[in-house]
Amino acid sequence: MLDWNPDLYLKFEKERTLPAKDLISRIEVINPKRILDVGCGSGNSTHALKKRWPNAEIIGLDNSVAMIEKARTLYDNTKFILQDASKDLSSLGKFDIVFSNAAIQRIPNHDVLIKSLQNLLNDNGILAIQLPLVDEVKAQQALYELEHVKKYKQYLDGKSIRFNTKSTEYYYDILSSLFKPESIYIWSTTYTHAMDSLDDILKWYESTTLVPYFDAFQDDEVISNFKNNFYIKLKNVYFPRPNGSVLFNYERLFLVASK
């Protein structure tokens, strides 16, 4: 399977880290001893956690070799583990905060996953999750349209390429069965990113969302053709502002609960 491209991902480090910082700001723990960052990627969210709680033991966890190697290079004072978050994590011990920024949307069975993350918490520990709500994103809608084109559909049928994000009610029901109801906070925020050009939106998608598509195609000619057609669709829905910037709106869902 193709791996993520951490350098391309970090081209948008500011935009990708902002939701992590917003999530961190809503965690009301004064002096946590241990923190787990699930799906840490290149370590930018882990670094933000370290800046907020410099005395805590913080572990970043991800199943991407390329991302973990990049994180270890950038932040050599933090522990990073190559591991799949959908597997048993109990060997890592207990944590005061289990944190996940834009990662669990790639993992199925969120009811099982959130239960397993809750089991990693100490009493009064905090679970904090952010995940994208992509269905209203214009670029995502353009991508969905391409999935049905015959020359691509033959490669994509039966593949798990879409995010696993569910409704707000779905997450509330899970959280309310596991956490103190008065401790649950759920909200969404739409981020408006001023991109330098349309090319940046394409690169944003190339660094993450398009990877499973390219992996399914496994043919450079098909990949190139798909990218070109995706770019054409982007040109039809995003238009430069007077200063040349292209506004890219991206909505995200936030979940915080205390055990």
# chains A, B, ... in the order shown; residues from 1 in each chain; ligands from 1
$ closest_atom_pairs --of "region 35-149 of chain A" --to "region 22-29 of chain A" --cutoff "8 Å" --atoms "only C-alpha atoms" --output "tab-separated table"
residue	atom	partner	partner_atom	distance
A:Leu49	CA	A:Ile24	CA	7.1
A:Arg52	CA	A:Ile24	CA	8.0
A:Ile126	CA	A:Ile27	CA	7.3
A:Ala128	CA	A:Leu23	CA	7.1
A:Ile129	CA	A:Leu23	CA	7.6
A:Gln130	CA	A:Leu23	CA	7.2
$ write_last_selection --atoms "C-alpha atoms" --output "PDB file, in the first residue's frame"
ATOM      1  CA  LEU A  49       0.403  18.807  23.095  1.00  0.00           C
ATOM      2  CA  ARG A  52       0.790  22.831  26.298  1.00  0.00           C
ATOM      3  CA  ILE A 126     -10.227  13.038  29.000  1.00  0.00           C
ATOM      4  CA  ALA A 128     -10.538  14.440  22.858  1.00  0.00           C
ATOM      5  CA  ILE A 129     -11.174  13.753  19.167  1.00  0.00           C
ATOM      6  CA  GLN A 130     -11.371  15.870  16.028  1.00  0.00           C
TER       7      GLN A 130
END
$ residues_around --residues "region 102-110 of chain A" --least-positions-apart "5" --cutoff "10 Å" --atoms "only C-alpha atoms" --output "PyMOL selection string"
chain A and resi 16-17+19-20+37-41+45+62+84-86+115-116+129-133+160-166+170-171+174+209+252-254
$ atom_distance --atom1 "CA of Lys151 (chain A)" --atom2 "CA of Lys138 (chain A)"
22.2 Å
$ residues_around --residues "Leu82 (chain A)" --least-positions-apart "6" --cutoff "7 Å" --atoms "only C-alpha atoms" --output "mmCIF file with C-alpha atoms, in the first residue's frame"
data_model
loop_
_atom_site.group_PDB
_atom_site.id
_atom_site.type_symbol
_atom_site.label_atom_id
_atom_site.label_comp_id
_atom_site.auth_asym_id
_atom_site.auth_seq_id
_atom_site.Cartn_x
_atom_site.Cartn_y
_atom_site.Cartn_z
ATOM 1 C CA LEU A 61 1.121 6.659 17.646
ATOM 2 C CA ASP A 62 0.549 6.104 13.920
ATOM 3 C CA ASN A 63 0.491 3.220 11.434
ATOM 4 C CA SER A 64 2.415 5.098 8.714
ATOM 5 C CA VAL A 65 6.138 4.319 8.530
ATOM 6 C CA ILE A 68 6.525 8.152 12.167
#
$ residues_around --residues "region 5-11 of chain A" --least-positions-apart "2" --cutoff "6 Å" --atoms "only C-alpha atoms" --output "PDB file with C-alpha atoms, in the first residue's frame"
ATOM      1  CA  GLU A  13       1.167  22.427   8.693  1.00  0.00           C
ATOM      2  CA  MET A  67       4.928   9.711   9.079  1.00  0.00           C
ATOM      3  CA  SER A 207      -0.995  14.363   0.641  1.00  0.00           C
TER       4      SER A 207
END
$ select_by_dssp --residues "region 128-243 of chain A" --states "helix (DSSP H, G or I)" --output "PyMOL selection string"
chain A and resi 138-147+150-156+168-178+181-183+198-207+211-217+220-237
$ select_by_dssp --residues "region 24-195 of chain A" --states "strand (DSSP E)" --output "CSV table (one decimal) with C-alpha atoms, in the first residue's frame"
chain,number,residue,atom,x,y,z
A,34,ARG,CA,0.6,10.7,30.5
A,35,ILE,CA,-0.9,11.7,27.1
A,36,LEU,CA,-1.5,9.5,24.0
A,37,ASP,CA,-1.8,11.1,20.5
A,38,VAL,CA,-3.6,8.6,18.3
A,57,GLU,CA,5.0,11.9,29.1
A,58,ILE,CA,3.5,12.1,25.6
A,59,ILE,CA,3.4,9.2,23.1
A,60,GLY,CA,2.6,9.7,19.4
A,61,LEU,CA,1.1,6.7,17.6
A,62,ASP,CA,0.5,6.1,13.9
A,79,LYS,CA,8.3,9.1,21.9
A,80,PHE,CA,6.7,7.9,18.7
A,81,ILE,CA,5.3,4.4,18.1
A,82,LEU,CA,4.5,2.6,14.8
A,95,PHE,CA,-3.4,7.9,30.2
A,96,ASP,CA,-4.8,11.1,31.6
A,97,ILE,CA,-5.6,12.3,28.0
A,98,VAL,CA,-6.2,10.3,24.9
A,99,PHE,CA,-6.1,12.7,22.0
A,100,SER,CA,-6.8,12.2,18.2
A,101,ASN,CA,-6.6,14.9,15.6
A,121,LEU,CA,-8.1,6.4,30.4
A,122,ASN,CA,-7.4,6.8,34.0
A,123,ASP,CA,-10.4,7.8,36.2
A,124,ASN,CA,-11.3,11.4,35.3
A,125,GLY,CA,-9.3,11.1,32.1
A,126,ILE,CA,-10.2,13.0,29.0
A,127,LEU,CA,-10.9,11.7,25.5
A,128,ALA,CA,-10.5,14.4,22.9
A,129,ILE,CA,-11.2,13.8,19.2
A,130,GLN,CA,-11.4,15.9,16.0
A,131,LEU,CA,-12.4,14.5,12.7
A,132,PRO,CA,-13.4,16.1,9.3
A,133,LEU,CA,-16.9,16.5,8.1
A,185,TYR,CA,-18.9,18.5,24.6
A,186,ILE,CA,-19.6,18.3,20.9
A,187,TRP,CA,-19.2,21.1,18.4
A,188,SER,CA,-18.2,21.8,14.8
A,189,THR,CA,-16.1,24.5,13.2
A,190,THR,CA,-15.7,25.5,9.5
A,191,TYR,CA,-12.2,26.6,8.8
A,192,THR,CA,-11.7,28.9,5.8
A,193,HIS,CA,-8.2,28.4,4.5
A,194,ALA,CA,-6.9,31.0,2.1
A,195,MET,CA,-4.8,28.9,-0.3
$ residues_around --residues "Phe248 (chain A)" --least-positions-apart "2" --cutoff "12 Å" --atoms "only C-alpha atoms" --output "number ranges by chain"
A: 15, 134, 136-140, 190-202, 204-205, 234, 237-241, 245-246, 250-251
$ residues_around --residues "Ala71 (chain A)" --least-positions-apart "4" --cutoff "7 Å" --atoms "only C-alpha atoms" --output "PyMOL selection string"
chain A and resi 42-43+67+75
$ atom_distance --atom1 "CA of Leu120 (chain A)" --atom2 "CA of Gly93 (chain A)"
6.7 Å
$ atom_distance --atom1 "CA of Phe214 (chain A)" --atom2 "CA of Tyr144 (chain A)"
14.5 Å
